[in-house]
$ cat run_7.cif   # mmCIF, C-alpha atoms
data_run
loop_
_atom_site.label_atom_id
_atom_site.label_comp_id
_atom_site.auth_asym_id
_atom_site.auth_seq_id
_atom_site.Cartn_x
_atom_site.Cartn_y
_atom_site.Cartn_z
CA MET A 1 0.00 0.00 0.00
CA THR A 2 1.19 3.50 -0.79
CA THR A 3 -1.62 5.64 0.60
CA VAL A 4 -0.49 8.71 2.46
CA VAL A 5 -2.19 9.45 5.75
CA ASP A 6 -3.21 13.01 6.49
CA SER A 7 -3.67 14.43 9.93
CA GLU A 8 -6.85 16.33 9.06
CA PRO A 9 -10.13 14.40 9.22
CA GLY A 10 -11.56 13.75 5.79
CA ALA A 11 -8.44 14.95 3.98
CA LYS A 12 -7.55 13.21 0.77
CA PRO A 13 -4.25 11.38 0.32
CA GLY A 14 -1.58 13.44 -1.36
CA PRO A 15 2.11 14.16 -1.68
CA PRO A 16 4.26 15.61 1.09
CA ARG A 17 3.22 19.15 1.90
CA SER A 18 6.58 20.82 1.51
CA GLY A 19 8.62 23.03 -0.79
CA LEU A 20 9.04 20.00 -3.03
CA VAL A 21 5.37 20.30 -4.01
CA ALA A 22 5.83 23.73 -5.55
CA VAL A 23 8.78 22.52 -7.59
CA ALA A 24 7.01 19.32 -8.64
CA ARG A 25 4.00 21.28 -9.91
CA ALA A 26 6.12 23.79 -11.80
CA PRO A 27 6.40 23.54 -15.60
CA TRP A 28 8.91 20.98 -16.81
CA TRP A 29 11.18 23.64 -18.29
CA LEU A 30 11.36 25.45 -14.94
CA ARG A 31 12.30 22.25 -13.11
CA TYR A 32 15.11 21.56 -15.57
CA ALA A 33 16.19 25.20 -15.39
CA LEU A 34 16.45 25.00 -11.59
CA LEU A 35 18.43 21.77 -11.91
CA ALA A 36 20.80 23.36 -14.43
CA VAL A 37 21.27 26.40 -12.18
CA GLY A 38 22.01 24.19 -9.19
CA LEU A 39 24.57 22.12 -11.09
CA GLY A 40 26.11 25.28 -12.50
CA VAL A 41 26.52 26.78 -9.04
CA ALA A 42 28.03 23.51 -7.76
CA LEU A 43 30.59 23.48 -10.60
CA TRP A 44 31.43 27.16 -10.12
CA LEU A 45 31.61 27.13 -6.31
CA PRO A 46 35.38 26.56 -5.79
CA ASN A 47 36.11 29.42 -8.20
CA GLY A 48 34.15 31.88 -6.08
CA LEU A 49 35.05 30.52 -2.65
CA TYR A 50 38.09 29.05 -0.97
CA PRO A 51 37.86 25.38 -2.10
CA PRO A 52 37.90 23.86 1.44
CA VAL A 53 34.97 26.12 2.35
CA ALA A 54 33.15 24.93 -0.77
CA VAL A 55 33.69 21.29 0.26
CA ASP A 56 32.47 22.12 3.78
CA ILE A 57 29.25 23.40 2.21
CA LEU A 58 28.79 20.05 0.45
CA CYS A 59 29.44 18.14 3.69
CA TRP A 60 27.07 20.20 5.80
CA ALA A 61 24.46 20.10 3.06
CA LEU A 62 24.49 16.30 3.25
CA PHE A 63 24.36 16.44 7.05
CA ALA A 64 21.44 18.86 7.03
CA VAL A 65 19.53 16.84 4.42
CA SER A 66 19.99 13.71 6.55
CA VAL A 67 18.55 15.50 9.59
CA ASP A 68 15.67 16.87 7.51
CA LEU A 69 14.86 13.35 6.32
CA LEU A 70 14.03 12.56 9.95
CA LEU A 71 12.73 15.90 11.18
CA GLY A 72 10.84 17.16 8.16
CA PHE A 73 9.58 13.92 6.61
CA THR A 74 9.31 11.53 9.56
CA GLY A 75 8.64 13.93 12.43
CA LEU A 76 11.62 12.81 14.54
CA MET A 77 13.88 15.43 16.09
CA SER A 78 17.39 14.00 16.57
CA PHE A 79 19.89 15.78 18.79
CA GLY A 80 22.39 12.96 18.41
CA HIS A 81 23.22 12.85 14.72
CA ALA A 82 26.76 13.97 15.47
CA ALA A 83 27.31 10.36 16.57
CA PHE A 84 26.94 9.19 12.95
CA TRP A 85 28.75 12.16 11.43
CA GLY A 86 31.67 11.71 13.84
CA THR A 87 31.75 7.90 13.73
CA SER A 88 31.99 7.96 9.96
CA ALA A 89 34.70 10.60 10.15
CA TYR A 90 36.79 8.50 12.54
CA VAL A 91 36.26 5.23 10.67
CA ALA A 92 37.03 6.83 7.29
CA GLY A 93 40.13 8.48 8.74
CA ILE A 94 41.39 5.25 10.31
CA VAL A 95 40.72 3.23 7.15
CA ALA A 96 42.45 5.77 4.93
CA THR A 97 45.43 6.00 7.29
CA LYS A 98 45.92 2.32 8.14
CA ALA A 99 44.78 0.60 4.93
CA GLY A 100 45.66 3.30 2.41
CA LEU A 101 42.39 2.84 0.52
CA PRO A 102 41.10 5.45 -1.97
CA PHE A 103 39.16 8.17 -0.22
CA PRO A 104 35.76 7.30 -1.83
CA VAL A 105 36.09 3.75 -0.45
CA ALA A 106 37.04 5.12 2.98
CA VAL A 107 34.03 7.45 2.91
CA LEU A 108 31.74 4.55 1.95
CA ILE A 109 33.10 2.36 4.76
CA GLY A 110 32.62 5.20 7.23
CA ALA A 111 29.02 5.72 6.08
CA VAL A 112 28.29 1.99 6.40
CA ALA A 113 29.76 2.03 9.92
CA ALA A 114 27.46 4.93 10.80
CA ALA A 115 24.45 3.04 9.43
CA VAL A 116 25.38 -0.09 11.40
CA LEU A 117 25.70 1.99 14.57
CA ALA A 118 22.27 3.50 13.89
CA VAL A 119 20.53 0.11 13.98
CA PRO A 120 20.68 -0.54 17.76
CA ILE A 121 20.35 3.16 18.62
CA GLY A 122 17.38 3.58 16.30
CA TYR A 123 15.75 0.36 17.50
CA LEU A 124 15.58 1.79 21.02
CA ALA A 125 14.96 5.42 20.05
CA VAL A 126 12.06 5.05 17.57
CA LYS A 127 9.89 3.55 20.30
CA ARG A 128 9.78 7.06 21.77
CA THR A 129 8.40 10.26 20.29
CA GLY A 130 8.86 13.99 20.70
CA ILE A 131 11.32 15.21 23.30
CA TYR A 132 11.87 11.66 24.56
CA PHE A 133 13.21 10.58 21.17
CA ALA A 134 15.48 13.63 21.07
CA MET A 135 16.84 12.91 24.56
CA VAL A 136 17.50 9.24 23.78
CA THR A 137 19.51 10.13 20.66
CA LEU A 138 21.38 12.81 22.60
CA ALA A 139 22.24 10.36 25.38
CA PHE A 140 23.65 7.79 22.95
CA ALA A 141 25.63 10.46 21.13
CA GLN A 142 27.24 11.64 24.36
CA MET A 143 28.11 8.03 25.23
CA ILE A 144 29.92 7.67 21.91
CA TYR A 145 31.66 11.01 22.48
CA TYR A 146 32.89 9.73 25.86
CA VAL A 147 34.13 6.45 24.35
CA ALA A 148 36.02 8.29 21.60
CA ASN A 149 37.57 10.60 24.15
CA LYS A 150 38.79 7.74 26.35
CA TRP A 151 39.81 5.32 23.57
CA SER A 152 42.84 7.41 22.74
CA THR A 153 44.88 4.50 21.33
CA VAL A 154 42.50 4.34 18.38
CA THR A 155 40.85 7.76 18.14
CA GLY A 156 43.69 9.92 19.46
CA GLY A 157 41.50 11.20 22.28
CA GLU A 158 41.50 14.97 22.57
CA ASN A 159 44.19 15.22 19.88
CA GLY A 160 42.04 13.52 17.25
CA LEU A 161 43.45 11.90 14.11
CA PRO A 162 45.95 14.06 12.21
CA SER A 163 47.43 13.61 8.74
CA VAL A 164 44.58 11.66 7.13
CA PRO A 165 45.55 10.94 3.48
CA ARG A 166 43.15 11.31 0.57
CA GLU A 167 44.26 8.99 -2.20
CA LEU A 168 42.49 8.25 -5.47
CA GLY A 169 44.28 5.93 -7.86
CA GLY A 170 47.61 7.72 -7.64
CA LEU A 171 46.09 11.13 -8.42
CA ASP A 172 47.47 14.11 -6.56
CA LEU A 173 44.60 15.49 -4.49
CA SER A 174 46.75 17.67 -2.27
CA ASP A 175 45.38 20.66 -4.19
CA GLU A 176 42.07 21.59 -2.56
CA TYR A 177 40.69 22.82 -5.87
CA TYR A 178 40.98 19.41 -7.50
CA PHE A 179 39.76 17.63 -4.39
CA TYR A 180 36.51 19.59 -4.58
CA TYR A 181 35.71 18.14 -8.00
CA ALA A 182 36.68 14.67 -6.76
CA ALA A 183 34.28 15.00 -3.81
CA LEU A 184 31.44 16.67 -5.76
CA PRO A 185 30.10 13.48 -7.46
CA ILE A 186 29.86 11.73 -4.08
CA ALA A 187 27.93 14.65 -2.58
CA LEU A 188 25.60 14.84 -5.59
CA LEU A 189 24.91 11.10 -5.35
CA GLY A 190 24.04 11.53 -1.68
CA LEU A 191 21.66 14.41 -2.42
CA TRP A 192 20.07 12.47 -5.27
CA ALA A 193 19.56 9.49 -2.95
CA ALA A 194 17.80 11.74 -0.42
CA TRP A 195 15.56 13.17 -3.15
CA ARG A 196 14.75 9.67 -4.39
CA ILE A 197 13.84 8.51 -0.89
CA VAL A 198 11.37 11.31 -0.16
CA ASN A 199 9.78 11.04 -3.61
CA SER A 200 9.29 7.28 -3.42
CA PRO A 201 6.26 5.43 -2.00
CA PHE A 202 8.42 4.79 1.07
CA GLY A 203 8.91 8.54 1.54
CA ARG A 204 5.17 9.20 1.23
CA VAL A 205 4.48 6.62 3.90
CA LEU A 206 6.97 8.42 6.14
CA VAL A 207 5.00 11.64 5.69
CA GLY A 208 1.81 9.76 6.55
CA ILE A 209 3.44 8.42 9.70
CA ARG A 210 4.61 11.92 10.56
CA ASP A 211 1.12 13.38 10.18
CA ASN A 212 -0.91 10.61 11.80
CA PRO A 213 0.97 7.53 13.09
CA ALA A 214 -2.19 5.99 14.57
CA ARG A 215 -3.97 5.99 11.21
CA ALA A 216 -0.86 4.68 9.44
CA ARG A 217 -0.73 1.83 11.94
CA ALA A 218 -4.43 1.15 11.38
CA LEU A 219 -3.79 0.89 7.63
CA GLY A 220 -1.30 -1.87 8.29
CA TYR A 221 2.02 -0.05 8.08
CA PRO A 222 4.69 -1.23 10.57
CA VAL A 223 5.36 2.26 11.93
CA HIS A 224 8.40 1.38 14.04
CA ARG A 225 10.01 -0.47 11.15
CA TYR A 226 9.53 2.47 8.81
CA LYS A 227 10.96 4.87 11.39
CA LEU A 228 13.95 2.62 11.98
CA THR A 229 14.64 2.36 8.25
CA ALA A 230 14.45 6.13 7.90
CA PHE A 231 16.76 6.51 10.90
CA VAL A 232 19.38 4.18 9.38
CA LEU A 233 19.18 5.85 5.94
CA SER A 234 19.54 9.24 7.61
CA ALA A 235 22.60 8.01 9.51
CA PHE A 236 24.14 6.73 6.28
CA LEU A 237 23.73 10.11 4.57
CA ALA A 238 25.17 11.87 7.62
CA GLY A 239 28.06 9.42 7.46
CA VAL A 240 28.78 10.31 3.84
CA GLY A 241 28.98 13.96 4.86
CA GLY A 242 31.21 13.16 7.84
CA GLY A 243 33.56 11.05 5.72
CA LEU A 244 33.97 13.82 3.15
CA PHE A 245 34.49 16.32 5.98
CA VAL A 246 37.49 14.46 7.40
CA MET A 247 38.98 14.03 3.92
CA ASN A 248 38.57 17.74 3.30
CA HIS A 249 40.36 18.75 6.50
CA GLU A 250 42.72 15.74 6.46
CA SER A 251 42.14 15.31 10.19
CA VAL A 252 39.44 14.42 12.70
CA ALA A 253 38.75 16.41 15.86
CA LEU A 254 36.75 15.23 18.86
CA ASP A 255 34.29 18.07 18.21
CA ALA A 256 32.88 16.00 15.36
CA LEU A 257 31.07 13.90 17.98
CA HIS A 258 29.99 16.74 20.27
CA TRP A 259 26.32 17.58 20.75
CA THR A 260 26.90 21.11 19.45
CA THR A 261 27.58 19.58 16.03
CA SER A 262 24.10 18.04 16.08
CA GLY A 263 22.66 21.38 17.17
CA LYS A 264 24.35 23.16 14.30
CA ALA A 265 22.81 20.71 11.83
CA VAL A 266 19.35 21.39 13.27
CA ILE A 267 19.96 25.14 12.95
CA VAL A 268 20.92 24.68 9.29
CA VAL A 269 17.70 22.74 8.63
CA VAL A 270 15.49 25.31 10.36
CA LEU A 271 17.25 28.15 8.56
CA GLY A 272 16.81 26.52 5.16
CA GLY A 273 13.32 25.16 5.80
CA ILE A 274 12.08 22.04 7.56
CA GLY A 275 10.59 19.46 5.23
CA THR A 276 11.91 21.13 2.08
CA LEU A 277 14.99 18.92 1.58
CA TRP A 278 16.83 21.50 -0.55
CA GLY A 279 16.49 24.01 2.28
CA GLY A 280 19.29 22.16 4.03
CA VAL A 281 21.59 22.85 1.07
CA ILE A 282 20.77 26.56 1.10
CA GLY A 283 21.01 26.78 4.88
CA ALA A 284 24.41 25.04 4.83
CA ALA A 285 25.73 27.38 2.15
CA PHE A 286 24.53 30.43 4.09
CA LEU A 287 25.80 29.35 7.52
CA VAL A 288 29.18 27.95 6.41
CA ARG A 289 29.88 31.05 4.31
CA LEU A 290 28.84 33.34 7.17
CA GLU A 291 31.07 31.53 9.67
CA ASP A 292 33.99 31.66 7.25
CA TRP A 293 33.50 35.40 6.67
CA LEU A 294 33.22 36.14 10.40
CA SER A 295 36.29 34.04 11.17
CA PHE A 296 38.30 35.72 8.42
CA SER A 297 37.30 39.15 9.72
CA GLY A 298 38.60 38.25 13.18
CA PHE A 299 35.22 38.15 14.92
CA GLU A 300 35.34 35.58 17.72
CA GLN A 301 31.73 35.43 18.94
CA ILE A 302 30.47 33.52 15.90
CA GLY A 303 27.92 31.57 17.93
CA LEU A 304 26.28 34.83 19.01
CA VAL A 305 25.64 35.83 15.39
CA THR A 306 24.44 32.42 14.23
CA GLY A 307 22.18 32.15 17.28
CA ALA A 308 20.65 35.54 16.56
CA ILE A 309 20.04 34.55 12.94
CA PHE A 310 18.40 31.32 14.11
CA VAL A 311 16.02 33.28 16.38
CA LEU A 312 15.16 35.71 13.57
CA ALA A 313 14.51 32.84 11.18
CA VAL A 314 12.15 31.20 13.66
CA LEU A 315 10.29 34.46 14.31
CA LEU A 316 10.15 35.93 10.80
CA PHE A 317 10.64 33.01 8.40
CA ARG A 318 9.04 30.03 10.06
CA LYS A 319 9.26 28.00 6.85
CA GLY A 320 12.91 28.87 6.34
CA ILE A 321 14.54 30.41 3.30
CA TRP A 322 13.65 27.76 0.74
CA GLY A 323 10.28 27.03 2.33
CA THR A 324 9.25 30.69 2.17
CA VAL A 325 10.37 31.09 -1.45
CA ALA A 326 8.64 27.84 -2.47
CA THR A 327 5.40 28.84 -0.74
CA LEU A 328 5.37 32.24 -2.44
CA ALA A 329 6.02 30.57 -5.81
CA GLN A 330 3.21 28.10 -5.20
CA ARG A 331 0.76 30.89 -4.34
CA ARG A 332 1.77 32.84 -7.44
CA MET A 333 1.21 29.78 -9.66
CA ALA A 334 -2.18 29.21 -8.03
CA ARG A 335 -3.25 32.80 -8.68
CA ARG A 336 -2.07 32.50 -12.29
CA ARG A 337 -4.16 29.35 -12.79
CA GLN A 338 -7.20 31.09 -11.35
CA SER A 339 -6.74 34.12 -13.62
CA ASP A 340 -6.29 31.86 -16.68
CA SER A 341 -9.47 29.93 -15.85
#
$ encode --input "run_7.cif" --output "structure tokens"
Amino acid sequence: MTTVVDSEPGAKPGPPRSGLVAVARAPWWLRYALLAVGLGVALWLPNGLYPPVAVDILCWALFAVSVDLLLGFTGLMSFGHAAFWGTSAYVAGIVATKAGLPFPVAVLIGAVAAAVLAVPIGYLAVKRTGIYFAMVTLAFAQMIYYVANKWSTVTGGENGLPSVPRELGGLDLSDEYYFYYAALPIALLGLWAAWRIVNSPFGRVLVGIRDNPARARALGYPVHRYKLTAFVLSAFLAGVGGGLFVMNHESVALDALHWTTSGKAVIVVVLGGIGTLWGGVIGAAFLVRLEDWLSFSGFEQIGLVTGAIFVLAVLLFRKGIWGTVATLAQRRMARRRQSDS
């Protein structure tokens, strides 16, 4: 069954109510134009920004999209996703250092490790909802942070893992500019996978579970199983971002597992727009670029500025940047249809 459950009595089944709807209902030429613009910006990015900053945008975009897959499309707020981001970073760094494997293979192994870790955590967490789910994920993430801190023989403890190589078939990727274009296909595959998930029958069931889990259960959907699957897929995508992040910086710091990393990902999603998917990409680009500019200018209280922007976004743009733009576009198209009819 692929029926979507709506939370409003008597409502008809339909697609996810998000910024994706406005894009999906747009003319075909506009959808392809937006795709071409997005690819063009991705190809141009290291020419307009410092290449490591451009790669950071890709990594945080993947991280934000993974969080939005849970928060926006499944209704689960995770404050512990840094566990998967950081675990993948450490595993990818160790594999690349000890085994000398190509960096895409190391990133894949790190992402798989994050997904495997998500199975037991998700199995226990998805039985809870709301703030209880968030606290369970946060508790597990802090446990993993503590283990990484104490297991210094493997993780390096507070010193982290330095000098992580990024090899690819003998190619010289020491130049950050060339590494960006080596990492870009992996990031685009991750974003395409997220888009495919939310636009599949599985993704529509997730939206139904988000809106009305009781009715979804009554229709015969195994709600906990769907939530667990979404949790594991989200962890895998976060792992891809974490693996690319360590390859970009050629080192892993303990901060990758800290709860503030999870909080930053949530801020990026809210800023871009919850339940919009592409809002995470825009939010990541905005926040990473802002932090880089503030750091370059010598401003030290970066958290004060990002926190203020987060509050303003919640108060003035409750649907986020992409969500607000998509809603306005949808209203304009609706008015145009009415005037044509």
$ closest_residue --input "run_7.cif" --among "A:Val288, A:Ile282, A:Val126, A:Val269" --to "Arg318 in chain A" --atoms "all atoms listed in the file"
A:Val269
$ resolve_selection --input "run_7.cif" --expression "the PyMOL selection byres ((chain A and resi 287) around 10)" --output "mmCIF file with C-alpha atoms, keeping the file's coordinate frame"
data_model
loop_
_atom_site.group_PDB
_atom_site.id
_atom_site.type_symbol
_atom_site.label_atom_id
_atom_site.label_comp_id
_atom_site.auth_asym_id
_atom_site.auth_seq_id
_atom_site.Cartn_x
_atom_site.Cartn_y
_atom_site.Cartn_z
ATOM 1 C CA ILE A 57 29.250 23.400 2.210
ATOM 2 C CA TRP A 60 27.070 20.200 5.800
ATOM 3 C CA LYS A 264 24.350 23.160 14.300
ATOM 4 C CA ILE A 267 19.960 25.140 12.950
ATOM 5 C CA VAL A 268 20.920 24.680 9.290
ATOM 6 C CA LEU A 271 17.250 28.150 8.560
ATOM 7 C CA GLY A 272 16.810 26.520 5.160
ATOM 8 C CA ILE A 282 20.770 26.560 1.100
ATOM 9 C CA GLY A 283 21.010 26.780 4.880
ATOM 10 C CA ALA A 284 24.410 25.040 4.830
ATOM 11 C CA ALA A 285 25.730 27.380 2.150
ATOM 12 C CA PHE A 286 24.530 30.430 4.090
ATOM 13 C CA VAL A 288 29.180 27.950 6.410
ATOM 14 C CA ARG A 289 29.880 31.050 4.310
ATOM 15 C CA LEU A 290 28.840 33.340 7.170
ATOM 16 C CA GLU A 291 31.070 31.530 9.670
ATOM 17 C CA ASP A 292 33.990 31.660 7.250
ATOM 18 C CA TRP A 293 33.500 35.400 6.670
ATOM 19 C CA THR A 306 24.440 32.420 14.230
ATOM 20 C CA ILE A 309 20.040 34.550 12.940
#
$ closest_residue --input "run_7.cif" --among "A:Leu49, A:Val325, A:Leu168, A:Cys59" --to "Gly100 in chain A" --atoms "only C-alpha atoms"
A:Leu168
$ residues_near_point --input "run_7.cif" --point "(14.9, 18.7, 8.9)" --cutoff "10 Å" --atoms "only C-alpha atoms" --output "ChimeraX atom specification"
/A:63-78,265-277,279-280
$ atom_distance --input "run_7.cif" --atom1 "CA of Ala36 in chain A" --atom2 "CA of Leu206 in chain A"
28.9 Å
$ resolve_selection --input "run_7.cif" --expression "the PyMOL selection byres ((chain A and resi 230) around 9)" --output "ChimeraX atom specification"
/A:69-70,74,203,206,225-229,231-235
$ write_last_selection --input "run_7.cif" --atoms "C-alpha atoms" --output "CSV table (one decimal), in the frame of the given file"
chain,number,residue,atom,x,y,z
A,69,LEU,CA,14.9,13.4,6.3
A,70,LEU,CA,14.0,12.6,10.0
A,74,THR,CA,9.3,11.5,9.6
A,203,GLY,CA,8.9,8.5,1.5
A,206,LEU,CA,7.0,8.4,6.1
A,225,ARG,CA,10.0,-0.5,11.2
A,226,TYR,CA,9.5,2.5,8.8
A,227,LYS,CA,11.0,4.9,11.4
A,228,LEU,CA,14.0,2.6,12.0
A,229,THR,CA,14.6,2.4,8.2
A,231,PHE,CA,16.8,6.5,10.9
A,232,VAL,CA,19.4,4.2,9.4
A,233,LEU,CA,19.2,5.8,5.9
A,234,SER,CA,19.5,9.2,7.6
A,235,ALA,CA,22.6,8.0,9.5
$ atom_distance --input "run_7.cif" --atom1 "CA of Arg166 in chain A" --atom2 "CA of Val281 in chain A"
24.5 Å
$ closest_residue --input "run_7.cif" --among "A:Val91, A:Leu39, A:Ile321, A:Val55" --to "Ala182 in chain A" --atoms "all atoms listed in the file"
A:Val55
$ closest_residue --input "run_7.cif" --among "A:Pro46, A:Gly130, A:Gly303, A:Gly80" --to "His258 in chain A" --atoms "all atoms listed in the file"
A:Gly80
$ resolve_selection --input "run_7.cif" --expression "the PyMOL selection byres ((chain A and resi 223) around 12)" --output "VMD selection string"
chain A and resid 74 123 126 to 129 202 205 to 210 212 to 222 224 to 230
$ write_last_selection --input "run_7.cif" --atoms "C-alpha atoms" --output "CSV table (one decimal), in the frame of the given file"
chain,number,residue,atom,x,y,z
A,74,THR,CA,9.3,11.5,9.6
A,123,TYR,CA,15.8,0.4,17.5
A,126,VAL,CA,12.1,5.0,17.6
A,127,LYS,CA,9.9,3.6,20.3
A,128,ARG,CA,9.8,7.1,21.8
A,129,THR,CA,8.4,10.3,20.3
A,202,PHE,CA,8.4,4.8,1.1
A,205,VAL,CA,4.5,6.6,3.9
A,206,LEU,CA,7.0,8.4,6.1
A,207,VAL,CA,5.0,11.6,5.7
A,208,GLY,CA,1.8,9.8,6.6
A,209,ILE,CA,3.4,8.4,9.7
A,210,ARG,CA,4.6,11.9,10.6
A,212,ASN,CA,-0.9,10.6,11.8
A,213,PRO,CA,1.0,7.5,13.1
A,214,ALA,CA,-2.2,6.0,14.6
A,215,ARG,CA,-4.0,6.0,11.2
A,216,ALA,CA,-0.9,4.7,9.4
A,217,ARG,CA,-0.7,1.8,11.9
A,218,ALA,CA,-4.4,1.2,11.4
A,219,LEU,CA,-3.8,0.9,7.6
A,220,GLY,CA,-1.3,-1.9,8.3
A,221,TYR,CA,2.0,0.0,8.1
A,222,PRO,CA,4.7,-1.2,10.6
A,224,HIS,CA,8.4,1.4,14.0
A,225,ARG,CA,10.0,-0.5,11.2
A,226,TYR,CA,9.5,2.5,8.8
A,227,LYS,CA,11.0,4.9,11.4
A,228,LEU,CA,14.0,2.6,12.0
A,229,THR,CA,14.6,2.4,8.2
A,230,ALA,CA,14.4,6.1,7.9
$ atom_distance --input "run_7.cif" --atom1 "CA of Gly122 in chain A" --atom2 "CA of Asn199 in chain A"
22.6 Å
$ closest_residue --input "run_7.cif" --among "A:Ala96, A:Ala54, A:Val116, A:Ala125" --to "Gly243 in chain A" --atoms "all atoms listed in the file"
A:Ala96
$ residues_around --input "run_7.cif" --residues "Gln142 in chain A" --least-positions-apart "5" --cutoff "12 Å" --atoms "only C-alpha atoms" --output "MDAnalysis selection string"
chainID A and resid 79:84 86 135:137 147:149 254:262
$ closest_residue --input "run_7.cif" --among "A:Tyr90, A:Tyr181, A:Trp85, A:Trp44" --to "Ala141 in chain A" --atoms "only C-alpha atoms"
A:Trp85
$ build_atoms --input "run_7.cif" --residues "range 317-331 of chain A" --atoms "N, CA, C and O atoms" --output "PDB file, keeping the file's coordinate frame"
ATOM      1  N   PHE A 317      10.739  33.937   9.527  1.00  0.00           N
ATOM      2  CA  PHE A 317      10.640  33.010   8.400  1.00  0.00           C
ATOM      3  C   PHE A 317      10.474  31.594   8.926  1.00  0.00           C
ATOM      4  O   PHE A 317      11.413  30.805   8.927  1.00  0.00           O
ATOM      5  N   ARG A 318       9.270  31.305   9.391  1.00  0.00           N
ATOM      6  CA  ARG A 318       9.040  30.030  10.060  1.00  0.00           C
ATOM      7  C   ARG A 318       9.197  28.843   9.111  1.00  0.00           C
ATOM      8  O   ARG A 318       9.416  27.719   9.559  1.00  0.00           O
ATOM      9  N   LYS A 319       9.070  29.071   7.821  1.00  0.00           N
ATOM     10  CA  LYS A 319       9.260  28.000   6.850  1.00  0.00           C
ATOM     11  C   LYS A 319      10.677  27.971   6.294  1.00  0.00           C
ATOM     12  O   LYS A 319      10.960  27.182   5.404  1.00  0.00           O
ATOM     13  N   GLY A 320      11.541  28.827   6.809  1.00  0.00           N
ATOM     14  CA  GLY A 320      12.910  28.870   6.340  1.00  0.00           C
ATOM     15  C   GLY A 320      13.045  29.590   5.007  1.00  0.00           C
ATOM     16  O   GLY A 320      12.063  30.056   4.419  1.00  0.00           O
ATOM     17  N   ILE A 321      14.278  29.677   4.541  1.00  0.00           N
ATOM     18  CA  ILE A 321      14.540  30.410   3.300  1.00  0.00           C
ATOM     19  C   ILE A 321      13.877  29.737   2.112  1.00  0.00           C
ATOM     20  O   ILE A 321      13.076  30.345   1.390  1.00  0.00           O
ATOM     21  N   TRP A 322      14.210  28.464   1.886  1.00  0.00           N
ATOM     22  CA  TRP A 322      13.650  27.760   0.740  1.00  0.00           C
ATOM     23  C   TRP A 322      12.152  27.547   0.891  1.00  0.00           C
ATOM     24  O   TRP A 322      11.400  27.656  -0.074  1.00  0.00           O
ATOM     25  N   GLY A 323      11.705  27.241   2.110  1.00  0.00           N
ATOM     26  CA  GLY A 323      10.280  27.030   2.330  1.00  0.00           C
ATOM     27  C   GLY A 323       9.462  28.265   2.036  1.00  0.00           C
ATOM     28  O   GLY A 323       8.378  28.188   1.444  1.00  0.00           O
ATOM     29  N   THR A 324       9.970  29.437   2.429  1.00  0.00           N
ATOM     30  CA  THR A 324       9.250  30.690   2.170  1.00  0.00           C
ATOM     31  C   THR A 324       9.199  30.991   0.676  1.00  0.00           C
ATOM     32  O   THR A 324       8.147  31.358   0.141  1.00  0.00           O
ATOM     33  N   VAL A 325      10.333  30.827   0.002  1.00  0.00           N
ATOM     34  CA  VAL A 325      10.370  31.090  -1.450  1.00  0.00           C
ATOM     35  C   VAL A 325       9.451  30.122  -2.186  1.00  0.00           C
ATOM     36  O   VAL A 325       8.700  30.515  -3.090  1.00  0.00           O
ATOM     37  N   ALA A 326       9.471  28.835  -1.805  1.00  0.00           N
ATOM     38  CA  ALA A 326       8.640  27.840  -2.470  1.00  0.00           C
ATOM     39  C   ALA A 326       7.159  28.106  -2.244  1.00  0.00           C
ATOM     40  O   ALA A 326       6.337  27.949  -3.154  1.00  0.00           O
ATOM     41  N   THR A 327       6.805  28.533  -1.033  1.00  0.00           N
ATOM     42  CA  THR A 327       5.400  28.840  -0.740  1.00  0.00           C
ATOM     43  C   THR A 327       4.918  30.034  -1.549  1.00  0.00           C
ATOM     44  O   THR A 327       3.806  30.018  -2.091  1.00  0.00           O
ATOM     45  N   LEU A 328       5.742  31.076  -1.640  1.00  0.00           N
ATOM     46  CA  LEU A 328       5.370  32.240  -2.440  1.00  0.00           C
ATOM     47  C   LEU A 328       5.220  31.867  -3.912  1.00  0.00           C
ATOM     48  O   LEU A 328       4.292  32.337  -4.598  1.00  0.00           O
ATOM     49  N   ALA A 329       6.114  31.015  -4.409  1.00  0.00           N
ATOM     50  CA  ALA A 329       6.020  30.570  -5.810  1.00  0.00           C
ATOM     51  C   ALA A 329       4.761  29.756  -6.037  1.00  0.00           C
ATOM     52  O   ALA A 329       4.089  29.901  -7.067  1.00  0.00           O
ATOM     53  N   GLN A 330       4.415  28.918  -5.066  1.00  0.00           N
ATOM     54  CA  GLN A 330       3.210  28.100  -5.200  1.00  0.00           C
ATOM     55  C   GLN A 330       1.962  28.969  -5.218  1.00  0.00           C
ATOM     56  O   GLN A 330       1.029  28.736  -5.997  1.00  0.00           O
ATOM     57  N   ARG A 331       1.911  29.981  -4.366  1.00  0.00           N
ATOM     58  CA  ARG A 331       0.760  30.890  -4.340  1.00  0.00           C
ATOM     59  C   ARG A 331       0.649  31.666  -5.648  1.00  0.00           C
ATOM     60  O   ARG A 331      -0.454  31.881  -6.167  1.00  0.00           O
TER      61      ARG A 331
END
